Amino acid sequence: DVKVTQSSRYLVKRTGEKVFLECVQDMDHENMFWYRQDPGLGLRLIYFSYDVKMKEKGDIPEGYSVSREKKERFSLILESASTNQTSMYLCASSLTLDRDDYGYTFGSGTRLTVV
Amino acid sequence: EDQVTQSPEALRLQEGESSSLNCSYTVSGLRGLFWYRQDPGKGPEFLFTLYSAGEEKEKERLKATLTKKESFLHITAPKPEDSATYLCAVQAGTGRRALTFGSGTRLQVQP
């Protein structure tokens with residue numbers, strides 16, 4: 001089974017801190033994604049990456065950046081955390097962006113609270 | 001802009017009471033429509049991909065169908081363990097090819 005592992009389940013950070021969320025997948029998937037999930041808003045795409053060192057902005061990239069130096073690892077960076085970035089962050093990976101019979105595999109999420 | 005709307009927001013059923021969840025969408029050239037299940041405190045888990053109108057897929061008590069404007073997730077004789085949030089997502093055939101998700105339907109099945 002593909003596994004997507006997010007480094008922390010819960011994080012509490014202070015306003016203005018630089019925050020790193022780490023995600024690792026173990027099945028050689030080309031594509032990796034960061035979403036945030038908020039009640040009533042569903043999952044919203046922050047960034048995704050279709051290859052090492054390649055990235056593409058999603059719907060809500062402001063205040064975030066990403067890094068993909070190795071195929072298996074995709075990091076989300078909050079440059080200066082703010083309270084409106086309190087959320088559940090979900091990382092996912094997928095084999096293909098074409099016809100996809102297997103869908104994305106998600107990690108268990110990181111619940112980030114910014115105080 | 002791709003959009004996905006799910007209804008109802010929440011649904012409470014008695015065990016054995018069949019029902020359907022709706023997902024309506026607008027997308028530039030549908031590449032695929034996806035259904036996921038999400039349990040509290042966990043990431044979404046993939047259920048189905050549908051590619052073209054008229055297609056159907058089944059898994060245990062779940063059956064997903066697709067038309068040109070919407071998809072239905074039919075739940076037949078549900079059990080309490082089917083309680084979860086069900087998410088619908090679309091992948092466009094042009095432009096950005098990452099999934100766009102709806103906000104989900106929270107299903108509770110009571111014994």
# chains A, B, ... in the order shown; residues from 1 in each chain; ligands from 1
$ residues_around --residues "Ala92 of chain A" --least-positions-apart "6" --cutoff "8 Å" --atoms "only C-alpha atoms" --output "PyMOL selection string"
chain A and resi 4+32-34+104-107
$ write_last_selection --atoms "C-alpha atoms" --output "compact mmCIF listing (two decimals), in the first residue's frame"
# COMPACT_ATOMS: atom_id res chain seq x y z
CA VAL A 4 1.84 9.19 2.72
CA MET A 32 2.30 15.58 -4.72
CA PHE A 33 -0.23 18.04 -3.36
CA TRP A 34 -0.95 20.24 -0.36
CA TYR A 104 -4.89 10.39 -4.63
CA THR A 105 -3.46 8.83 -1.51
CA PHE A 106 -3.74 11.19 1.43
CA GLY A 107 -1.80 11.47 4.65
$ select_by_dssp --residues "chain B" --states "strand (DSSP E or B)" --output "number ranges by chain"
B: 3-7, 10-14, 19-26, 30-38, 45-50, 56-59, 62-66, 70-75, 84-92, 100-101, 105-110
$ residues_around --residues "Asp82 of chain B" --least-positions-apart "6" --cutoff "10 Å" --atoms "only C-alpha atoms" --output "list in words"
Glu15, Arg37, Asp39, Arg61, Leu62, Ile75, Leu107, Gln108, Val109 and Gln110 of chain B
$ interface_residues --of "chain B" --to "chain A" --cutoff "8 Å" --atoms "only C-alpha atoms" --output "ChimeraX atom specification"
/B:31-32,34,41-46,48-49,97-98,100-104
$ residues_around --residues "Leu66 of chain B" --least-positions-apart "3" --cutoff "6 Å" --atoms "only C-alpha atoms" --output "number ranges by chain"
B: 53-55, 71
$ atom_distance --atom1 "atom CA of Glu72 of chain A" --atom2 "atom CA of Ile46 of chain A"
18.4 Å
$ closest_residue --among "A:Val19, A:Val24, A:Met54, A:Val115" --to "Asn84 of chain A" --atoms "only C-alpha atoms"
A:Val115
